[in-house]
file my_file12.csv (CSV, C-alpha atoms)
chain,number,residue,atom,x,y,z
A,8,MET,CA,113.0,54.5,67.9
A,9,SER,CA,113.5,56.3,64.7
A,10,VAL,CA,112.3,59.8,63.9
A,11,VAL,CA,110.7,60.3,60.5
A,12,ILE,CA,111.7,63.6,58.9
A,13,SER,CA,109.1,64.6,56.3
A,14,LYS,CA,110.5,65.8,53.0
A,15,ILE,CA,109.2,68.4,50.6
A,16,GLU,CA,109.9,68.9,47.0
A,17,VAL,CA,112.0,72.0,46.2
A,18,GLY,CA,112.6,73.5,42.8
A,19,CYS,CA,116.0,75.1,41.9
A,20,PRO,CA,115.5,78.8,41.0
A,21,GLU,CA,118.4,78.5,38.4
A,22,CYS,CA,117.8,75.2,36.5
A,23,GLY,CA,114.3,74.2,37.8
A,24,ARG,CA,115.4,70.7,38.9
A,25,ILE,CA,113.2,69.3,41.6
A,26,GLN,CA,114.8,67.6,44.6
A,27,LEU,CA,113.7,66.5,48.1
A,28,GLU,CA,114.7,68.5,51.1
A,29,SER,CA,113.8,68.5,54.8
A,30,GLU,CA,110.6,70.6,55.4
A,31,ASN,CA,112.6,72.8,57.8
A,32,PHE,CA,115.5,73.5,55.4
A,33,LEU,CA,116.9,77.0,55.3
A,34,SER,CA,119.3,76.7,52.3
A,35,THR,CA,120.7,74.0,50.0
A,36,VAL,CA,122.7,73.4,46.9
A,37,CYS,CA,121.1,72.2,43.7
A,38,ARG,CA,122.2,68.7,42.9
A,39,GLY,CA,121.8,69.4,39.2
A,40,CYS,CA,123.6,72.8,38.6
A,41,GLY,CA,125.4,73.2,41.9
A,42,SER,CA,123.8,76.7,42.6
A,43,TYR,CA,123.2,77.7,46.2
A,44,PHE,CA,119.7,79.0,47.1
A,45,LYS,CA,117.8,79.8,50.2
A,46,SER,CA,114.3,78.6,51.3
A,47,SER,CA,111.5,81.2,51.2
A,48,ARG,CA,111.3,81.0,55.0
A,49,SER,CA,114.8,82.3,55.5
A,50,SER,CA,114.5,85.1,52.9
A,51,GLY,CA,112.6,87.2,55.4
A,52,GLN,CA,109.2,87.2,53.7
A,53,SER,CA,107.7,85.2,56.4
A,54,ARG,CA,109.6,86.8,59.3
A,55,ARG,CA,107.3,88.0,62.1
A,56,LYS,CA,107.3,91.8,62.3
A,57,VAL,CA,108.0,93.3,65.7
A,58,LYS,CA,105.3,95.7,66.6
A,59,ARG,CA,106.6,98.9,68.1
A,60,LYS,CA,104.5,101.3,70.2
A,61,ALA,CA,103.8,104.4,68.2
A,62,ILE,CA,105.4,107.5,69.6
A,63,GLU,CA,103.3,110.6,69.6
A,64,LYS,CA,105.1,113.5,67.8
A,65,ARG,CA,104.7,117.2,67.2
A,66,GLU,CA,106.2,119.7,64.8
A,67,LEU,CA,108.9,122.0,66.0
A,68,SER,CA,110.4,124.9,64.0
A,69,CYS,CA,113.9,126.1,64.7
A,70,ALA,CA,114.2,129.6,66.1
A,71,ASP,CA,117.2,130.3,64.0
A,72,CYS,CA,116.7,128.8,60.6
A,73,GLY,CA,113.0,128.1,60.7
A,74,ALA,CA,113.4,124.5,59.6
A,75,VAL,CA,110.6,122.2,60.7
A,76,GLN,CA,111.1,118.8,62.2
A,77,GLU,CA,109.2,116.3,64.2
A,78,VAL,CA,110.1,115.6,67.8
A,79,ALA,CA,108.5,113.3,70.4
A,80,LEU,CA,105.8,114.9,72.3
A,81,GLU,CA,107.6,114.3,75.6
A,82,ALA,CA,111.0,115.5,74.4
A,83,GLN,CA,112.7,118.2,76.6
A,84,SER,CA,115.3,119.2,74.1
A,85,SER,CA,116.3,118.5,70.5
A,86,THR,CA,118.8,119.6,67.9
A,87,CYS,CA,117.9,121.3,64.6
A,88,LEU,CA,118.6,118.8,61.8
A,89,THR,CA,119.4,121.7,59.4
A,90,CYS,CA,121.5,124.2,61.4
A,91,GLY,CA,122.5,122.1,64.4
A,92,ARG,CA,121.1,124.6,66.9
A,93,HIS,CA,120.2,123.2,70.4
A,94,LEU,CA,116.5,123.6,71.0
A,95,GLU,CA,115.2,123.6,74.5
A,96,LEU,CA,111.6,122.6,74.6
A,97,GLY,CA,110.7,122.9,78.3
A,98,HIS,CA,109.8,125.9,80.5
A,99,ARG,CA,112.0,128.2,82.5
A,100,GLU,CA,111.6,130.7,85.3
A,101,ILE,CA,113.9,133.6,86.2
A,102,LEU,CA,113.6,134.6,89.8
A,103,GLY,CA,117.0,136.4,90.1
A,104,GLU,CA,119.6,137.6,87.6
A,105,HIS,CA,120.0,135.7,84.4
A,106,LEU,CA,122.7,136.4,81.8
A,107,GLY,CA,123.0,134.8,78.4
A,108,ASN,CA,120.6,134.3,75.6
A,109,ILE,CA,117.6,132.1,76.0
A,110,SER,CA,115.6,130.2,73.3
A,111,LEU,CA,112.7,128.1,74.5
A,112,GLU,CA,109.9,126.5,72.7
A,113,GLY,CA,107.9,126.5,76.0
A,114,GLU,CA,107.1,129.2,78.5
A,115,LEU,CA,109.5,131.8,80.1
A,116,ARG,CA,108.4,133.5,83.3
A,117,ILE,CA,110.4,136.4,84.6
A,118,GLY,CA,109.3,136.8,88.2
A,119,PRO,CA,108.8,140.1,90.1
A,120,LYS,CA,112.4,140.2,91.3
A,121,GLY,CA,113.7,138.6,88.2
A,122,ASN,CA,116.0,140.4,85.8
A,123,TYR,CA,116.9,139.1,82.4
A,124,GLY,CA,120.3,140.5,81.6
A,125,GLY,CA,121.0,138.7,78.3
A,126,SER,CA,120.7,140.3,74.9
A,127,ARG,CA,117.9,138.2,73.5
A,128,ALA,CA,115.3,135.9,75.0
A,129,ARG,CA,112.9,133.9,72.9
A,130,ALA,CA,110.1,131.7,74.2
A,131,ALA,CA,106.7,130.8,72.7
A,132,ARG,CA,105.0,132.4,75.7
A,133,ILE,CA,106.6,135.0,78.0
A,134,ILE,CA,105.1,136.1,81.3
A,135,LEU,CA,106.9,139.3,82.5
A,136,GLU,CA,106.6,140.5,86.0
A,137,GLY,CA,110.1,141.9,86.5
A,138,ARG,CA,112.7,143.5,84.3
A,139,SER,CA,114.5,142.7,81.1
A,140,SER,CA,117.6,144.4,79.6
A,141,GLY,CA,117.5,142.3,76.5
A,142,PHE,CA,115.1,142.0,73.6
A,143,LEU,CA,112.1,139.7,74.2
A,144,GLU,CA,110.5,137.7,71.5
A,145,ALA,CA,107.2,135.8,72.2
A,146,PRO,CA,105.6,134.3,69.1
A,147,GLU,CA,102.5,133.4,71.0
A,148,PHE,CA,102.1,136.1,73.6
A,149,LEU,CA,103.8,138.4,76.0
A,150,GLN,CA,101.8,138.8,79.2
A,151,VAL,CA,102.7,141.6,81.6
A,152,SER,CA,101.6,141.7,85.2
A,153,GLY,CA,103.1,143.9,87.9
A,154,GLN,CA,105.6,146.6,87.4
A,155,ALA,CA,107.6,145.5,84.4
A,156,ARG,CA,110.4,147.1,82.4
A,157,ILE,CA,112.1,146.2,79.1
A,158,ARG,CA,115.1,148.2,78.2
A,159,SER,CA,115.3,146.9,74.6
A,160,GLY,CA,112.3,146.3,72.5
A,161,ALA,CA,109.9,143.4,72.3
A,162,ALA,CA,108.1,141.6,69.5
A,163,GLY,CA,105.6,138.7,69.1
A,164,GLY,CA,102.1,137.6,68.7
A,165,ARG,CA,99.8,139.2,71.3
A,166,LEU,CA,100.7,141.7,73.9
A,167,GLU,CA,98.6,141.5,77.1
A,168,ILE,CA,99.0,144.0,79.9
A,169,GLN,CA,96.8,143.1,82.8
A,170,SER,CA,94.8,145.6,84.9
A,171,GLY,CA,96.9,147.5,87.4
A,172,SER,CA,100.2,146.5,85.6
A,173,VAL,CA,102.7,148.8,84.0
A,174,LEU,CA,105.1,148.1,81.2
A,175,GLU,CA,107.7,150.7,80.4
A,176,CYS,CA,109.7,149.9,77.3
A,177,GLY,CA,112.8,151.7,76.1
A,178,ASP,CA,112.5,150.7,72.5
A,179,ARG,CA,110.1,149.6,69.8
A,180,MET,CA,107.2,147.2,70.6
A,181,ASP,CA,106.2,145.2,67.6
A,182,PHE,CA,103.2,142.8,67.9
A,183,VAL,CA,100.4,141.3,65.9
A,184,SER,CA,97.7,142.4,68.3
A,185,GLY,CA,97.3,143.9,71.8
A,186,ARG,CA,95.0,144.1,74.7
A,187,ILE,CA,95.9,146.8,77.2
A,188,ASP,CA,94.1,146.8,80.5
A,189,GLY,CA,97.1,148.3,82.4
A,190,GLU,CA,99.6,151.0,81.3
A,191,LEU,CA,102.0,150.9,78.4
A,192,ARG,CA,104.7,153.5,77.9
A,193,CYS,CA,107.1,153.2,74.9
A,194,PRO,CA,108.5,155.3,72.1
A,195,VAL,CA,107.0,153.2,69.2
A,196,ALA,CA,104.1,150.7,69.4
A,197,HIS,CA,103.4,148.8,66.3
A,198,PHE,CA,100.4,146.4,66.0
A,199,ALA,CA,99.9,144.7,62.6
A,200,GLY,CA,96.3,143.9,63.6
A,201,PRO,CA,93.9,145.1,66.3
A,202,LEU,CA,94.7,147.1,69.4
A,203,SER,CA,92.2,147.2,72.2
A,204,ILE,CA,92.4,149.4,75.2
A,205,GLY,CA,90.1,148.5,78.2
A,206,PRO,CA,88.4,150.8,80.6
A,207,SER,CA,91.4,150.9,82.9
A,208,GLY,CA,94.0,150.8,80.1
A,209,SER,CA,96.4,153.5,79.0
A,210,VAL,CA,98.9,153.8,76.2
A,211,VAL,CA,101.4,156.7,75.9
A,212,ALA,CA,103.7,156.3,72.9
A,213,GLY,CA,105.6,158.6,70.6
A,214,LYS,CA,104.3,156.8,67.6
A,215,ILE,CA,101.5,154.2,67.4
A,216,GLN,CA,100.5,152.1,64.4
A,217,PHE,CA,97.6,149.7,64.2
A,218,GLN,CA,95.2,148.2,61.8
A,219,GLU,CA,92.2,148.8,64.0
A,220,LEU,CA,91.7,150.4,67.3
A,221,THR,CA,89.1,150.2,70.1
A,222,VAL,CA,89.3,152.5,73.1
A,223,GLU,CA,86.6,151.7,75.6
A,224,PRO,CA,85.1,154.5,77.8
A,225,GLY,CA,87.7,155.2,80.5
A,226,GLY,CA,90.6,153.9,78.4
A,227,LYS,CA,93.3,156.4,77.4
A,228,ILE,CA,95.7,156.6,74.4
A,229,GLN,CA,98.0,159.5,73.5
A,230,GLY,CA,100.5,159.9,70.8
A,231,TRP,CA,101.0,160.4,67.1
A,232,ALA,CA,99.1,157.6,65.4
A,233,GLU,CA,98.7,156.0,62.0
A,234,THR,CA,96.5,153.3,60.7
A,235,ARG,CA,98.1,150.4,58.9
A,236,PRO,CA,96.6,149.7,55.4
A,237,VAL,CA,94.6,146.5,55.3
A,238,ASP,CA,96.5,145.3,52.1
A,239,LEU,CA,99.8,145.6,53.9
A,240,VAL,CA,98.5,143.4,56.7
A,241,SER,CA,97.4,140.7,54.4
A,242,ALA,CA,100.7,140.9,52.5
A,243,ASP,CA,102.5,140.0,55.8
B,9,MET,CA,67.8,165.3,62.9
B,10,ASN,CA,69.0,168.3,60.9
B,11,SER,CA,69.9,168.0,57.2
B,12,VAL,CA,72.5,170.2,55.6
B,13,ALA,CA,69.8,172.3,54.0
B,14,GLU,CA,68.5,173.2,57.5
B,15,ALA,CA,71.8,174.0,58.9
B,16,GLU,CA,72.6,177.4,60.2
B,17,ALA,CA,75.5,178.4,57.9
B,18,ASN,CA,77.6,181.4,58.8
B,19,THR,CA,78.5,182.0,55.2
B,20,GLY,CA,76.7,179.2,53.6
B,21,GLU,CA,76.4,178.8,49.8
B,22,ALA,CA,74.6,175.9,48.2
B,23,GLY,CA,75.5,174.9,44.7
B,24,ASN,CA,72.1,173.8,43.5
B,25,SER,CA,69.0,171.9,44.7
B,26,GLY,CA,70.6,168.5,44.7
B,27,LEU,CA,71.5,167.0,48.2
B,28,GLY,CA,74.2,164.7,47.0
B,29,PRO,CA,77.8,165.4,48.0
B,30,GLU,CA,78.9,166.0,44.4
B,31,ALA,CA,76.3,168.7,44.0
B,32,PHE,CA,76.2,170.3,47.4
B,33,SER,CA,79.1,172.5,48.6
B,34,ILE,CA,79.2,174.9,51.5
B,35,TRP,CA,81.9,177.6,52.0
B,36,GLY,CA,82.1,178.6,55.6
B,37,ASP,CA,81.5,177.2,59.0
B,38,ILE,CA,78.2,175.4,59.8
B,39,ARG,CA,76.5,174.6,63.1
B,40,PHE,CA,73.8,172.0,63.9
B,41,ALA,CA,71.6,172.5,67.0
B,42,ASN,CA,70.5,168.8,67.0
B,43,ASP,CA,71.6,165.5,65.6
B,44,ALA,CA,72.9,165.9,62.1
B,45,PHE,CA,73.8,163.8,59.0
B,46,LEU,CA,76.2,165.6,56.8
B,47,GLN,CA,76.2,164.7,53.1
B,48,ALA,CA,78.1,167.6,51.5
B,49,LYS,CA,81.5,169.2,50.8
B,50,VAL,CA,82.3,171.8,53.4
B,51,GLN,CA,85.1,174.3,53.1
B,52,GLY,CA,85.2,175.2,56.8
B,53,ASN,CA,84.4,173.8,60.2
B,54,VAL,CA,81.4,171.8,61.4
B,55,ARG,CA,80.0,171.8,64.9
B,56,ALA,CA,77.1,169.8,66.1
B,57,ALA,CA,75.5,170.0,69.6
B,58,LYS,CA,74.7,166.3,69.7
B,59,LYS,CA,75.5,163.4,67.4
B,60,ILE,CA,76.8,164.0,63.9
B,61,VAL,CA,77.4,161.6,61.1
B,62,VAL,CA,79.8,162.6,58.3
B,63,GLY,CA,78.4,160.5,55.5
B,64,HIS,CA,80.0,158.6,52.6
B,65,GLY,CA,81.2,161.1,50.1
B,66,ALA,CA,81.0,164.0,52.5
B,67,GLU,CA,84.2,166.1,52.8
B,68,VAL,CA,85.1,168.6,55.5
B,69,SER,CA,88.3,170.7,55.0
B,70,GLY,CA,88.2,172.0,58.6
B,71,ARG,CA,87.5,170.6,62.0
B,72,VAL,CA,84.4,168.6,63.1
B,73,GLN,CA,83.2,168.9,66.7
B,74,GLY,CA,80.2,167.1,68.2
B,75,GLY,CA,78.9,164.9,71.0
B,76,ASP,CA,79.2,161.6,69.3
B,77,VAL,CA,80.9,161.7,65.9
B,78,CYS,CA,80.7,159.0,63.2
B,79,VAL,CA,82.9,159.4,60.2
B,80,GLN,CA,82.2,157.7,56.9
B,81,GLY,CA,83.6,160.4,54.6
B,82,LYS,CA,86.7,162.6,54.8
B,83,ILE,CA,87.8,165.1,57.4
B,84,GLU,CA,91.0,167.0,56.8
B,85,GLY,CA,91.1,169.3,59.8
B,86,GLY,CA,90.7,166.9,62.7
B,87,LEU,CA,87.8,165.6,64.9
B,88,GLU,CA,86.8,166.3,68.5
B,89,ALA,CA,84.0,164.3,70.1
B,90,LEU,CA,82.8,164.9,73.6
B,91,GLY,CA,81.5,161.3,73.7
B,92,GLN,CA,82.4,158.4,71.4
B,93,ALA,CA,83.9,158.6,67.9
B,94,TRP,CA,83.6,156.0,65.2
B,95,ILE,CA,85.9,156.0,62.2
B,96,LYS,CA,84.4,153.6,59.7
B,97,ALA,CA,86.1,151.5,57.0
B,98,GLY,CA,86.8,153.7,54.0
B,99,ALA,CA,86.8,156.9,56.0
B,100,LEU,CA,89.7,159.4,56.1
B,101,LEU,CA,90.7,161.5,59.0
B,102,ARG,CA,93.8,163.7,59.2
B,103,LYS,CA,95.5,166.0,61.7
B,104,GLN,CA,93.9,165.1,65.1
B,105,CYS,CA,91.4,162.9,66.8
B,106,VAL,CA,90.2,163.8,70.3
B,107,ALA,CA,87.4,161.7,71.9
B,108,HIS,CA,86.2,160.1,75.1
B,109,ALA,CA,86.0,156.7,73.5
B,110,LEU,CA,87.0,155.6,70.0
B,111,ARG,CA,86.6,152.9,67.5
B,112,ILE,CA,88.7,152.8,64.3
B,113,GLU,CA,87.6,150.1,61.9
B,114,PRO,CA,90.0,148.1,59.7
B,115,GLY,CA,90.2,149.9,56.4
B,116,ALA,CA,89.8,153.4,57.9
B,117,ASP,CA,92.6,155.9,57.1
B,118,PHE,CA,93.8,158.0,60.0
B,119,LYS,CA,97.1,159.9,60.4
B,120,GLY,CA,97.7,162.4,63.1
B,121,GLU,CA,97.6,163.2,66.8
B,122,LEU,CA,95.5,160.8,68.8
B,123,ARG,CA,94.1,161.8,72.3
B,124,VAL,CA,91.4,159.6,73.7
B,125,GLY,CA,90.3,159.8,77.3
B,126,CYS,CA,92.7,162.7,78.1
B,127,GLY,CA,90.3,165.6,78.1
B,128,ARG,CA,89.6,168.3,75.5
B,129,ALA,CA,92.1,169.7,73.1

call {"tool": "encode", "arguments": {"input": "my_file12.csv", "output": "structure tokens"}}
result
Amino acid sequence: MSVVISKIEVGCPECGRIQLESENFLSTVCRGCGSYFKSSRSSGQSRRKVKRKAIEKRELSCADCGAVQEVALEAQSSTCLTCGRHLELGHREILGEHLGNISLEGELRIGPKGNYGGSRARAARIILEGRSSGFLEAPEFLQVSGQARIRSGAAGGRLEIQSGSVLECGDRMDFVSGRIDGELRCPVAHFAGPLSIGPSGSVVAGKIQFQELTVEPGGKIQGWAETRPVDLVSAD
Amino acid sequence: MNSVAEAEANTGEAGNSGLGPEAFSIWGDIRFANDAFLQAKVQGNVRAAKKIVVGHGAEVSGRVQGGDVCVQGKIEGGLEALGQAWIKAGALLRKQCVAHALRIEPGADFKGELRVGCGRA
């Protein structure tokens, strides 16, 4: 039994000569001019595209150079494409002694018996219940509960000291805003925005700077103070 | 509420009959027995038994003492409030602020010693 192969007419792209080819042909040679050409099926136009599952991503800025890149939502670490810095994206908890610098995009918790002995720790959110010898930087917030101590300074978005907690800082505190329901003692406290002291809150500082201040009845604040001009705040 | 014209001035001296801060100046200390709204320039100290408002345009070269004190103008010599103190936007306060509770609004200008909730000066 013979198999009939159907033929189709194909035009040469060089000379235009029409010739018969198998309907499944992938490439051929023109019998007129001898040029080699491929069928439209093999050129990739009709290839089936493989659908990939979309990966959810988020923006991540490098702690060192500030370059912004996209990483997978579930990624635990990445490398800055600009400066090559290793970026740790997860959370970390210090329950004992920890030496060495830390840079996290997640949350850092220094437990009641924890002692951060490095020179600088950066995390989006820091919960401090113990001690830190190094500088703490928390772009989102630094939350203090328990009896906490920072030998170097601290900086970040919002400073929260919970009721019944005490933070003793040996150097400058530099935050955007603050809510003090516990006790804060430091040489210099600088808030670019509002500072609010609750009924059980207390601030004792050598120098205090803020844009606006609210001390609720029962709250205490003592020190040399200065308001920060509004135009300076907007210039930041 | 007392006005400046009704105030008991130790060595008071009014410029003319106008009550605006540009036209009304007092040299010496003044004391209010009740709530008071101050709208004048005072070269001296001001004391109010109850609430006192230092209005827009008012200027006090000395110290202001009262129960609750609201500052909209200028005080150069410090403030002491037995109750609450409000420093409004545009107000200026120098030297000292002592109060039981305090609110300093954005745009207010304060520079000096701050003691809130720590007892009297």

call {"tool": "interface_residues", "arguments": {"input": "my_file12.csv", "of": "chain A", "to": "chain B", "cutoff": "12 Å", "atoms": "all atoms listed in the file", "output": "short mmCIF file (atom, residue, chain, number, x, y, z; two decimals) with C-alpha atoms, keeping the file's coordinate frame"}}
result
data_model
loop_
_atom_site.label_atom_id
_atom_site.label_comp_id
_atom_site.auth_asym_id
_atom_site.auth_seq_id
_atom_site.Cartn_x
_atom_site.Cartn_y
_atom_site.Cartn_z
CA ALA A 199 99.90 144.70 62.60
CA GLY A 200 96.30 143.90 63.60
CA PRO A 201 93.90 145.10 66.30
CA LEU A 202 94.70 147.10 69.40
CA SER A 203 92.20 147.20 72.20
CA ILE A 204 92.40 149.40 75.20
CA GLY A 205 90.10 148.50 78.20
CA PRO A 206 88.40 150.80 80.60
CA SER A 207 91.40 150.90 82.90
CA GLY A 208 94.00 150.80 80.10
CA SER A 209 96.40 153.50 79.00
CA VAL A 210 98.90 153.80 76.20
CA VAL A 211 101.40 156.70 75.90
CA ALA A 212 103.70 156.30 72.90
CA GLY A 213 105.60 158.60 70.60
CA LYS A 214 104.30 156.80 67.60
CA ILE A 215 101.50 154.20 67.40
CA GLN A 216 100.50 152.10 64.40
CA PHE A 217 97.60 149.70 64.20
CA GLN A 218 95.20 148.20 61.80
CA GLU A 219 92.20 148.80 64.00
CA LEU A 220 91.70 150.40 67.30
CA THR A 221 89.10 150.20 70.10
CA VAL A 222 89.30 152.50 73.10
CA GLU A 223 86.60 151.70 75.60
CA PRO A 224 85.10 154.50 77.80
CA GLY A 225 87.70 155.20 80.50
CA GLY A 226 90.60 153.90 78.40
CA LYS A 227 93.30 156.40 77.40
CA ILE A 228 95.70 156.60 74.40
CA GLN A 229 98.00 159.50 73.50
CA GLY A 230 100.50 159.90 70.80
CA TRP A 231 101.00 160.40 67.10
CA ALA A 232 99.10 157.60 65.40
CA GLU A 233 98.70 156.00 62.00
CA THR A 234 96.50 153.30 60.70
CA ARG A 235 98.10 150.40 58.90
CA PRO A 236 96.60 149.70 55.40
CA VAL A 237 94.60 146.50 55.30
CA ASP A 238 96.50 145.30 52.10
CA LEU A 239 99.80 145.60 53.90
CA VAL A 240 98.50 143.40 56.70
CA SER A 241 97.40 140.70 54.40
#

call {"tool": "residues_near_point", "arguments": {"input": "my_file12.csv", "point": "(119.0, 137.1, 85.2)", "cutoff": "9 Å", "atoms": "only C-alpha atoms", "output": "PyMOL selection string"}}
result
chain A and resi 101-107+117+121-125+139

call {"tool": "residues_around", "arguments": {"input": "my_file12.csv", "residues": "stretch 67-81 of chain B", "least_positions_apart": "5", "cutoff": "6 Å", "atoms": "only C-alpha atoms", "output": "ChimeraX atom specification"}}
result
/B:49-62,86-96,99

call {"tool": "closest_atom_pairs", "arguments": {"input": "my_file12.csv", "of": "stretch 112-151 of chain A", "to": "stretch 155-160 of chain A", "cutoff": "6 Å", "atoms": "only C-alpha atoms", "output": "Markdown table"}}
result
| residue | atom | partner | partner_atom | distance |
| --- | --- | --- | --- | --- |
| A:Glu136 | CA | A:Ala155 | CA | 5.3 |
| A:Gly137 | CA | A:Ala155 | CA | 4.9 |
| A:Arg138 | CA | A:Arg156 | CA | 4.7 |
| A:Ser139 | CA | A:Ile157 | CA | 4.7 |
| A:Ser140 | CA | A:Arg158 | CA | 4.8 |
| A:Gly141 | CA | A:Ser159 | CA | 5.4 |
| A:Phe142 | CA | A:Ser159 | CA | 5.0 |

call {"tool": "residues_around", "arguments": {"input": "my_file12.csv", "residues": "A:Ser172", "least_positions_apart": "6", "cutoff": "10 Å", "atoms": "only C-alpha atoms", "output": "PyMOL selection string"}}
result
chain A and resi 136+151-155+187-191+208

call {"tool": "write_last_selection", "arguments": {"input": "my_file12.csv", "atoms": "C-alpha atoms", "output": "CSV table (one decimal), in the frame of the given file"}}
result
chain,number,residue,atom,x,y,z
A,136,GLU,CA,106.6,140.5,86.0
A,151,VAL,CA,102.7,141.6,81.6
A,152,SER,CA,101.6,141.7,85.2
A,153,GLY,CA,103.1,143.9,87.9
A,154,GLN,CA,105.6,146.6,87.4
A,155,ALA,CA,107.6,145.5,84.4
A,187,ILE,CA,95.9,146.8,77.2
A,188,ASP,CA,94.1,146.8,80.5
A,189,GLY,CA,97.1,148.3,82.4
A,190,GLU,CA,99.6,151.0,81.3
A,191,LEU,CA,102.0,150.9,78.4
A,208,GLY,CA,94.0,150.8,80.1

call {"tool": "atom_distance", "arguments": {"input": "my_file12.csv", "atom1": "atom CA of A:Phe198", "atom2": "atom CA of A:Phe182"}}
result
4.9 Å

call {"tool": "atom_distance", "arguments": {"input": "my_file12.csv", "atom1": "atom CA of B:Glu84", "atom2": "atom CA of A:His197"}}
result
24.0 Å

call {"tool": "atom_distance", "arguments": {"input": "my_file12.csv", "atom1": "atom CA of A:Gly118", "atom2": "atom CA of A:Glu175"}}
result
16.0 Å
